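Undergrad: Input structure: work30.txt, which contains compact mmCIF, C-alpha atoms.
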# COMPACT_ATOMS: atom_id res chain seq x y z
CA MET U 1 305.26 70.06 92.31
CA ALA U 2 307.01 67.38 94.36
CA ASN U 3 304.26 65.01 93.36
CA GLU U 4 304.80 65.83 89.70
CA THR U 5 308.55 65.31 90.00
CA GLN U 6 307.90 61.98 91.65
CA THR U 7 305.57 60.80 88.88
CA MET U 8 308.05 61.96 86.24
CA THR U 9 310.90 59.98 87.79
CA GLN U 10 308.92 56.75 88.09
CA SER U 11 309.32 54.55 85.10
CA MET U 12 307.70 51.51 83.63
CA THR U 13 308.71 48.89 81.12
CA VAL U 14 307.01 48.71 77.78
CA SER U 15 307.53 45.76 75.42
CA ILE U 16 307.10 46.75 71.80
CA TRP U 17 306.99 44.40 68.82
CA ARG U 18 309.84 45.07 66.40
CA GLU U 19 309.77 43.51 62.98
CA ASN U 20 311.42 44.50 59.73
CA GLY U 21 311.20 41.75 57.18
CA ASP U 22 312.27 39.17 59.79
CA ASP U 23 310.45 36.98 62.32
CA GLY U 24 310.05 39.85 64.76
CA ARG U 25 310.42 39.95 68.55
CA PHE U 26 309.44 42.07 71.56
CA GLU U 27 311.97 44.66 72.73
CA LYS U 28 311.82 46.33 76.13
CA TYR U 29 312.01 50.09 76.71
CA GLU U 30 311.98 52.12 79.93
CA VAL U 31 309.54 55.00 79.67
CA PRO U 32 308.26 57.55 82.22
CA ALA U 33 305.20 56.34 84.13
CA ARG U 34 303.02 59.45 83.97
CA GLU U 35 299.69 59.69 85.67
CA ASN U 36 297.87 60.64 82.50
CA GLN U 37 299.11 59.12 79.30
CA THR U 38 297.69 57.04 76.54
CA VAL U 39 299.26 53.98 74.98
CA LEU U 40 299.88 56.06 71.85
CA ASP U 41 301.74 58.61 74.01
CA VAL U 42 304.04 55.83 75.21
CA VAL U 43 304.70 54.56 71.68
CA ALA U 44 305.36 58.13 70.51
CA TYR U 45 307.75 58.66 73.45
CA VAL U 46 309.78 55.60 72.46
CA GLN U 47 309.96 56.75 68.85
CA GLN U 48 310.82 60.37 69.72
CA HIS U 49 313.25 59.81 72.62
CA ILE U 50 314.66 56.28 72.42
CA ASP U 51 314.51 54.73 68.95
CA PRO U 52 313.50 56.88 65.96
CA THR U 53 313.33 53.82 63.71
CA LEU U 54 310.15 52.58 65.42
CA SER U 55 307.28 52.52 62.91
CA TYR U 56 303.64 52.95 63.89
CA ARG U 57 300.57 54.61 62.46
CA PHE U 58 298.39 57.40 63.83
CA ALA U 59 296.69 60.54 62.58
CA CYS U 60 293.98 62.33 64.56
CA ARG U 61 294.86 61.32 68.18
CA VAL U 62 291.22 61.86 69.20
CA GLY U 63 289.51 58.59 68.24
CA MET U 64 288.08 59.64 64.89
CA CYS U 65 290.42 58.35 62.19
CA GLY U 66 290.84 54.69 63.15
CA SER U 67 294.58 54.63 62.33
CA CYS U 68 296.24 53.78 65.63
CA ALA U 69 294.71 50.46 66.68
CA MET U 70 297.20 47.97 68.15
CA MET U 71 297.24 44.94 70.42
CA VAL U 72 297.75 46.21 73.97
CA ASN U 73 298.54 43.52 76.55
CA GLY U 74 296.99 41.01 74.15
CA SER U 75 293.75 42.84 73.40
CA PRO U 76 292.96 45.11 70.45
CA ARG U 77 292.59 48.78 71.44
CA TRP U 78 292.45 52.22 69.86
CA THR U 79 295.69 53.39 71.42
CA CYS U 80 294.99 57.14 71.28
CA ARG U 81 291.98 56.76 73.58
CA THR U 82 293.33 53.97 75.77
CA HIS U 83 294.83 55.23 79.03
CA VAL U 84 297.83 53.26 80.19
CA SER U 85 296.46 53.19 83.74
CA LYS U 86 293.39 51.26 82.52
CA VAL U 87 295.32 48.47 80.80
CA VAL U 88 298.72 48.25 82.52
CA ALA U 89 299.31 44.97 84.37
CA ASP U 90 302.06 44.74 87.03
CA ASP U 91 303.67 47.89 85.60
CA GLN U 92 304.04 46.01 82.32
CA LEU U 93 302.73 47.13 78.98
CA GLU U 94 302.99 45.04 75.83
CA VAL U 95 302.23 46.69 72.49
CA ALA U 96 302.01 44.64 69.31
CA PRO U 97 300.62 45.14 65.80
CA LEU U 98 296.97 44.28 65.21
CA ARG U 99 296.20 40.56 64.96
CA ASN U 100 295.05 38.98 61.71
CA LEU U 101 296.79 41.49 59.45
CA PRO U 102 300.22 41.29 57.77
CA VAL U 103 302.88 43.43 59.42
CA ILE U 104 304.60 46.03 57.24
CA LYS U 105 307.09 47.08 59.92
CA ASP U 106 306.99 47.07 63.73
CA LEU U 107 303.50 48.24 64.75
CA ALA U 108 302.27 49.22 61.29
CA THR U 109 300.03 46.63 59.63
CA ASP U 110 298.96 46.31 56.02
CA MET U 111 295.25 47.21 56.03
CA ASP U 112 294.67 46.17 52.38
CA PRO U 113 293.16 42.72 53.15
CA PHE U 114 290.79 44.39 55.61
CA PHE U 115 289.48 46.90 53.06
CA GLU U 116 289.48 44.44 50.15
CA LYS U 117 286.99 42.43 52.18
CA TRP U 118 284.68 45.46 52.47
CA VAL U 119 284.47 45.44 48.69
CA ALA U 120 284.06 41.63 48.56
CA ALA U 121 281.19 41.88 51.07
CA GLU U 122 279.47 44.43 48.79
CA ALA U 123 279.77 46.96 51.59
CA VAL U 124 279.57 49.64 48.90
CA PHE U 125 276.64 51.83 47.95
CA HIS U 126 274.78 51.07 44.72
CA PRO U 127 272.86 54.22 43.80
CA SER U 128 269.31 53.78 42.54
CA LYS U 129 268.77 57.40 41.50
CA THR U 130 270.61 60.19 39.76
CA ARG U 131 271.20 63.72 41.00
CA HIS U 132 268.26 64.81 38.86
CA ASP U 133 265.79 62.72 40.87
CA PRO U 134 264.18 64.11 44.01
CA MET U 135 265.87 63.15 47.30
CA ALA U 136 264.51 60.04 49.01
CA ALA U 137 262.27 60.96 51.93
CA ILE U 138 263.36 58.89 54.94
CA THR U 139 261.90 59.79 58.33
CA PRO U 140 264.13 59.50 61.41
CA ASP U 141 261.68 57.05 63.02
CA ASP U 142 261.65 54.69 60.05
CA PRO U 143 262.67 51.23 61.41
CA MET U 144 265.17 50.69 58.58
CA ARG U 145 266.69 54.13 59.20
CA ILE U 146 267.03 53.27 62.91
CA ALA U 147 268.67 49.92 62.05
CA ALA U 148 271.07 51.65 59.65
CA SER U 149 271.91 54.36 62.19
CA GLU U 150 272.95 51.76 64.76
CA ALA U 151 275.67 50.53 62.39
CA ILE U 152 277.12 53.69 60.88
CA GLU U 153 279.65 55.10 63.36
CA CYS U 154 282.42 52.69 62.30
CA ILE U 155 285.86 54.35 62.05
CA ASN U 156 287.46 51.42 60.15
CA CYS U 157 290.03 50.85 62.89
CA ALA U 158 290.01 47.02 62.46
CA VAL U 159 289.85 46.43 66.22
CA CYS U 160 286.91 44.05 65.64
CA TYR U 161 288.84 42.31 62.85
CA ALA U 162 291.75 41.72 65.25
CA ALA U 163 289.41 40.55 68.02
CA CYS U 164 287.72 37.95 65.81
CA ASP U 165 288.83 34.31 66.07
CA VAL U 166 286.91 33.39 62.91
CA VAL U 167 289.02 35.85 60.91
CA GLU U 168 292.08 34.12 62.37
CA SER U 169 290.93 30.61 61.45
CA ASN U 170 289.32 31.41 58.07
CA PRO U 171 291.32 33.79 55.86
CA ASP U 172 288.31 34.16 53.52
CA TYR U 173 285.98 35.51 56.23
CA PHE U 174 285.04 39.13 55.56
CA GLY U 175 285.08 40.01 59.24
CA PRO U 176 282.78 42.04 61.50
CA ALA U 177 283.44 45.54 60.11
CA ALA U 178 282.72 44.72 56.46
CA LEU U 179 279.57 42.79 57.33
CA ASN U 180 278.43 45.55 59.69
CA ARG U 181 278.72 48.03 56.81
CA SER U 182 276.82 45.66 54.52
CA TRP U 183 274.02 45.50 57.08
CA SER U 184 273.73 49.29 57.20
CA LEU U 185 273.34 49.23 53.39
CA VAL U 186 270.76 46.42 53.51
CA ASN U 187 268.72 48.93 55.50
CA ASP U 188 269.25 51.75 52.99
CA ILE U 189 266.14 52.01 50.79
CA ARG U 190 268.07 54.14 48.27
CA ASP U 191 270.40 51.23 47.51
CA ASP U 192 269.83 49.24 44.33
CA GLY U 193 272.29 46.38 44.90
CA GLN U 194 270.53 44.22 47.50
CA ASP U 195 270.55 40.99 45.47
CA VAL U 196 274.29 41.08 44.76
CA ARG U 197 274.93 42.14 48.36
CA LEU U 198 272.93 39.25 49.84
CA ALA U 199 274.69 36.86 47.45
CA ALA U 200 278.06 38.24 48.61
CA VAL U 201 277.33 38.15 52.35
CA GLY U 202 275.84 34.65 51.95
CA SER U 203 278.95 33.36 50.13
CA ASN U 204 281.83 31.32 51.56
CA GLY U 205 283.45 34.30 53.26
CA GLY U 206 280.15 35.68 54.48
CA CYS U 207 277.99 36.10 57.56
CA HIS U 208 277.30 32.41 58.18
CA ASN U 209 280.91 31.90 59.33
CA CYS U 210 280.24 33.96 62.44
CA HIS U 211 280.26 31.92 65.68
CA SER U 212 278.72 34.76 67.72
CA GLN U 213 281.68 34.91 70.10
CA GLN U 214 281.04 38.65 70.18
CA GLY U 215 284.65 39.72 70.59
CA CYS U 216 283.82 42.45 68.07
CA VAL U 217 281.10 43.78 70.37
CA GLN U 218 283.38 43.48 73.37
CA TYR U 219 286.18 45.55 71.86
CA CYS U 220 284.55 47.95 69.36
CA PRO U 221 285.76 51.34 70.63
CA ASN U 222 282.62 53.02 69.30
CA GLU U 223 280.38 50.47 71.01
CA LEU U 224 278.89 49.22 67.77
CA ASN U 225 277.34 45.78 67.61
CA PRO U 226 278.60 43.85 64.56
CA THR U 227 277.10 40.60 65.91
CA LEU U 228 273.65 42.19 65.74
CA SER U 229 274.38 43.28 62.15
CA ILE U 230 275.65 39.82 61.20
CA ALA U 231 272.56 38.21 62.78
CA GLY U 232 270.45 40.54 60.59
CA LEU U 233 272.39 39.42 57.51
CA LYS U 234 271.89 35.76 58.49
CA ARG U 235 268.13 36.36 58.63
CA GLU U 236 268.02 38.23 55.33
CA THR U 237 270.14 35.65 53.46
CA THR U 238 267.94 32.86 54.87
CA LYS U 239 264.80 34.68 53.70
CA ALA U 240 266.40 35.21 50.27
CA LEU U 241 267.09 31.46 50.05
CA PHE U 242 263.38 30.71 50.48
CA ARG U 243 262.46 33.44 47.98
CA ARG U 244 264.77 31.86 45.38
CA SER U 245 263.56 28.31 45.94
CA ARG U 246 259.93 29.29 45.35
CA MET G 1 294.50 28.92 74.24
CA ILE G 2 292.64 31.43 76.44
CA ARG G 3 294.51 34.50 75.27
CA PRO G 4 293.72 37.92 76.77
CA HIS G 5 291.32 39.02 74.02
CA ARG G 6 289.17 35.96 74.70
CA THR G 7 288.55 36.60 78.39
CA HIS G 8 284.92 37.65 78.16
CA PRO G 9 281.82 35.63 79.12
CA LEU G 10 280.41 35.15 75.61
CA TRP G 11 283.69 33.66 74.38
CA PHE G 12 283.49 31.15 77.23
CA ALA G 13 279.88 30.45 76.18
CA PHE G 14 281.22 29.70 72.68
CA LEU G 15 283.92 27.44 74.16
CA LEU G 16 281.37 25.51 76.24
CA HIS G 17 279.14 25.08 73.19
CA ARG G 18 282.02 23.83 71.06
CA LEU G 19 283.41 21.45 73.72
CA SER G 20 279.95 20.09 74.56
CA GLY G 21 279.31 19.55 70.85
CA LEU G 22 282.59 17.69 70.43
CA GLY G 23 281.91 15.64 73.57
CA LEU G 24 278.49 14.62 72.29
CA ALA G 25 279.86 13.83 68.83
CA LEU G 26 282.29 11.40 70.46
CA PHE G 27 279.61 9.92 72.72
CA LEU G 28 276.82 9.35 70.20
CA PRO G 29 278.53 6.63 68.08
CA LEU G 30 279.27 4.70 71.30
CA HIS G 31 275.69 5.24 72.44
CA PHE G 32 274.24 3.82 69.22
CA TYR G 33 276.72 0.97 69.28
CA MET G 34 275.61 -0.01 72.78
CA LEU G 35 271.94 0.22 71.72
CA SER G 36 272.67 -2.05 68.76
CA LEU G 37 273.87 -4.73 71.18
CA ALA G 38 270.22 -5.19 72.24
CA ILE G 39 269.74 -6.93 68.89
CA SER G 40 273.14 -8.39 68.19
CA ALA G 41 274.45 -9.38 71.64
CA PRO G 42 271.89 -9.00 74.48
CA ALA G 43 274.13 -10.69 77.04
CA ARG G 44 276.89 -8.18 76.49
CA LEU G 45 274.39 -5.33 76.76
CA ASP G 46 273.15 -6.69 80.12
CA GLY G 47 276.75 -6.85 81.33
CA PHE G 48 277.29 -3.27 80.29
CA LEU G 49 274.06 -2.11 81.97
CA ARG G 50 275.27 -3.65 85.25
CA PHE G 51 278.51 -1.69 84.80
CA THR G 52 276.49 1.54 84.51
CA ASP G 53 275.19 1.02 88.07
CA LEU G 54 278.63 2.01 89.42
CA THR G 55 278.68 5.45 91.07
CA ILE G 56 281.64 6.56 88.98
CA VAL G 57 279.63 5.83 85.83
CA LYS G 58 276.67 7.75 87.27
CA LEU G 59 279.01 10.70 87.79
CA ALA G 60 280.19 10.42 84.20
CA GLU G 61 276.55 10.35 83.09
CA TYR G 62 275.99 13.50 85.12
CA GLY G 63 278.71 15.16 83.06
CA LEU G 64 277.25 13.78 79.86
CA VAL G 65 273.75 15.06 80.63
CA PHE G 66 275.27 18.43 81.53
CA LEU G 67 277.01 18.55 78.14
CA LEU G 68 273.77 17.59 76.39
CA ALA G 69 271.72 20.19 78.29
CA ALA G 70 274.40 22.87 77.85
CA HIS G 71 274.44 22.22 74.11
CA LEU G 72 270.64 22.23 73.93
CA PHE G 73 270.12 25.47 75.86
CA GLY G 74 273.20 27.07 74.29
CA GLY G 75 271.83 26.17 70.86
CA LEU G 76 268.47 27.72 71.73
CA ARG G 77 270.34 30.87 72.83
CA LEU G 78 272.17 31.05 69.51
CA MET G 79 268.98 30.49 67.50
CA ALA G 80 267.27 33.24 69.49
CA LEU G 81 270.28 35.50 68.85
CA GLU G 82 270.11 34.89 65.11
CA PHE G 83 266.39 34.69 64.42
CA LEU G 84 264.63 36.78 67.09
CA PRO G 85 264.87 40.56 67.54
CA TRP G 86 268.18 41.44 69.21
CA SER G 87 268.28 41.30 72.99
CA PRO G 88 270.80 43.41 74.91
CA HIS G 89 270.92 40.66 77.58
CA GLN G 90 273.34 38.33 75.79
CA LYS G 91 275.46 37.56 78.85
CA THR G 92 272.36 36.91 80.96
CA MET G 93 271.06 34.50 78.32
CA ALA G 94 274.39 32.63 78.27
CA ALA G 95 274.34 32.45 82.08
CA LEU G 96 270.74 31.18 82.02
CA ALA G 97 271.68 28.47 79.50
CA VAL G 98 274.39 27.22 81.87
CA ALA G 99 272.05 27.51 84.88
CA PHE G 100 269.34 25.44 83.16
CA ALA G 101 271.95 22.89 82.11
CA PHE G 102 273.05 22.54 85.75
CA LEU G 103 269.44 22.29 86.89
CA VAL G 104 268.54 19.55 84.40
CA SER G 105 271.73 17.54 84.87
CA THR G 106 271.63 17.78 88.67
CA LEU G 107 268.00 16.63 88.72
CA PHE G 108 269.03 13.70 86.53
CA PHE G 109 271.92 12.88 88.89
CA LEU G 110 269.73 13.08 92.01
CA LYS G 111 267.25 10.68 90.43
CA ALA G 112 270.04 8.36 89.22
CA ILE G 113 271.79 7.83 92.59
Would you put the structure from the file into structure tokens?
TA:
Amino acid sequence: MANETQTMTQSMTVSIWRENGDDGRFEKYEVPARENQTVLDVVAYVQQHIDPTLSYRFACRVGMCGSCAMMVNGSPRWTCRTHVSKVVADDQLEVAPLRNLPVIKDLATDMDPFFEKWVAAEAVFHPSKTRHDPMAAITPDDPMRIAASEAIECINCAVCYAACDVVESNPDYFGPAALNRSWSLVNDIRDDGQDVRLAAVGSNGGCHNCHSQQGCVQYCPNELNPTLSIAGLKRETTKALFRRSR
Amino acid sequence: MIRPHRTHPLWFAFLLHRLSGLGLALFLPLHFYMLSLAISAPARLDGFLRFTDLTIVKLAEYGLVFLLAAHLFGGLRLMALEFLPWSPHQKTMAALAVAFAFLVSTLFFLKAI
């Protein structure tokens, strides 16, 4: 009990980005330093106990919805599954909105550019059959099924998008998440849009922008490998180039 | 420049590849210019070749050969990444590229001095 009282009375400083139609700045808040708390817990504490005008986004709190990603001490993290103790540095915690996306207010970013690029990268399913056709028979050990499976647990959190320096330097670049989704569809034999997809991912904003820095792999909270997916797209677009020139 | 999200080995591998590429891009025009002196001004070329016997120049050449080797092996790593089946040993491959670059450039240096 004494131990609990002690941990409750210890505090730490958290710097949170505040922006509301202005240039924005970090503001400091004193919050309890609990043994077990996530970064999202800290942000929620500030909003509920110190400043109710703080804006941020979350939904499921269990790492499924992809809503709560933010920059934590300079790195993109899913804040609901990031323990403060794992990322705190010198009792300091800095929470900022995701990189590479416009800020709506405080920690809430506008995700529209991120999702518009999914559409631009043809990361959408093109059905080849109707409901009246028999279901496609795909065995679990089919190599294309295995390749698709490796890319499908994306929760659209945009952590990879914020980790990517190419997204920062080239506003047209689709980013790791959109291209990863495109790769899973390249491996879907039911899909009937492979030509338009390869044209899209081979375009100016496409896979060939990737410098293989692998920040996306480093930070993906679901341990996906967008660099692998993008390498696959590079191979397929190169093969398509030779097919066209014949 | 090295912000927190960049502090992982494969980002540093990217940085080395980019800096070595830039270094070589600056060096190559000078290199071809000096070679052209063999035709246009042989006396000046001989003077320059005597200058390259200085230890400080040998050290600079060591750096240059390291950049060349790092770019060569780093480029092979990237081509393997893009065109061969995926390997889970990306960091090891980056480390090997740097190790081979050190090996080649140090052998060059030991032969040069």
Undergrad: Could you name the residues that touch range 139-151 of chain U at 12 Å or less, counting all atoms listed in the file, but leaving out those on the same chain fewer than 5 positions away, as a list in words?
TA: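 So, after excluding close chain neighbours, the residues are Pro176, Ala177, Ala178, Leu179, Asn180, Arg181, Ser182, Trp183, Ser184, Leu185, Val186, Asn187, Asp188, Ile189, Arg190, Val217, Cys220, Asn222, Glu223, Leu224, Asn225, Pro226, Thr227, Leu228, Ser229, Ile230 and Gly232 of chain U; Pro85 and Trp86 of chain G.
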Undergrad: Write a file of the just-selected residues containing C-alpha atoms, as a tab-separated table (two decimals), in the frame of the given file.
TA:
chain	number	residue	atom	x	y	z
U	176	PRO	CA	282.78	42.04	61.50
U	177	ALA	CA	283.44	45.54	60.11
U	178	ALA	CA	282.72	44.72	56.46
U	179	LEU	CA	279.57	42.79	57.33
U	180	ASN	CA	278.43	45.55	59.69
U	181	ARG	CA	278.72	48.03	56.81
U	182	SER	CA	276.82	45.66	54.52
U	183	TRP	CA	274.02	45.50	57.08
U	184	SER	CA	273.73	49.29	57.20
U	185	LEU	CA	273.34	49.23	53.39
U	186	VAL	CA	270.76	46.42	53.51
U	187	ASN	CA	268.72	48.93	55.50
U	188	ASP	CA	269.25	51.75	52.99
U	189	ILE	CA	266.14	52.01	50.79
U	190	ARG	CA	268.07	54.14	48.27
U	217	VAL	CA	281.10	43.78	70.37
U	220	CYS	CA	284.55	47.95	69.36
U	222	ASN	CA	282.62	53.02	69.30
U	223	GLU	CA	280.38	50.47	71.01
U	224	LEU	CA	278.89	49.22	67.77
U	225	ASN	CA	277.34	45.78	67.61
U	226	PRO	CA	278.60	43.85	64.56
U	227	THR	CA	277.10	40.60	65.91
U	228	LEU	CA	273.65	42.19	65.74
U	229	SER	CA	274.38	43.28	62.15
U	230	ILE	CA	275.65	39.82	61.20
U	232	GLY	CA	270.45	40.54	60.59
G	85	PRO	CA	264.87	40.56	67.54
G	86	TRP	CA	268.18	41.44	69.21
Undergrad: Nearest to Cys60 in chain U: which of U:Trp78, U:Tyr29, U:Tyr173, U:Tyr219 is it, counting all atoms listed in the file?
TA: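 Using all atoms listed in the file, the shortest distance to Cys60 in chain U belongs to U:Trp78.
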Undergrad: Output as a ChimeraX atom specification the set of chain U residues within 10 Å of chain G, with distances taken over all atoms listed in the file.
TA: /U:71-76,162-165,211-215,218-219,227-236,238
Undergrad: Within 6 Å of Ala108 in chain U, counting all atoms listed in the file, which residues qualify if same-chain residues fewer than 3 places away don't, as an MDAnalysis selection string?
TA: chainID U and resid 56:57 104:105
Undergrad: Can you tell me how far CA of Thr79 in chain U sits from CA of Lys117 in chain U, in Å to one decimal?
TA: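 Atom-to-atom, CA of Thr79 in chain U to CA of Lys117 in chain U, that is 23.8 Å.
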Undergrad: One decimal, in Å: what's the spacing between CA of Asp22 in chain U and CA of Val103 in chain U?
TA: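 That distance, rounded to one decimal, is 10.3 Å.
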Undergrad: Can you pull out every residue within 7 Å of range 39-43 of chain U, counting all atoms listed in the file, but drop anything in the same chain fewer than 6 positions away, and send it as number ranges by chain?
TA: U: 79-80, 82-84
Undergrad: CA of Leu35 in chain G and CA of Leu68 in chain G, how far apart in Å?
TA: 18.1 Å
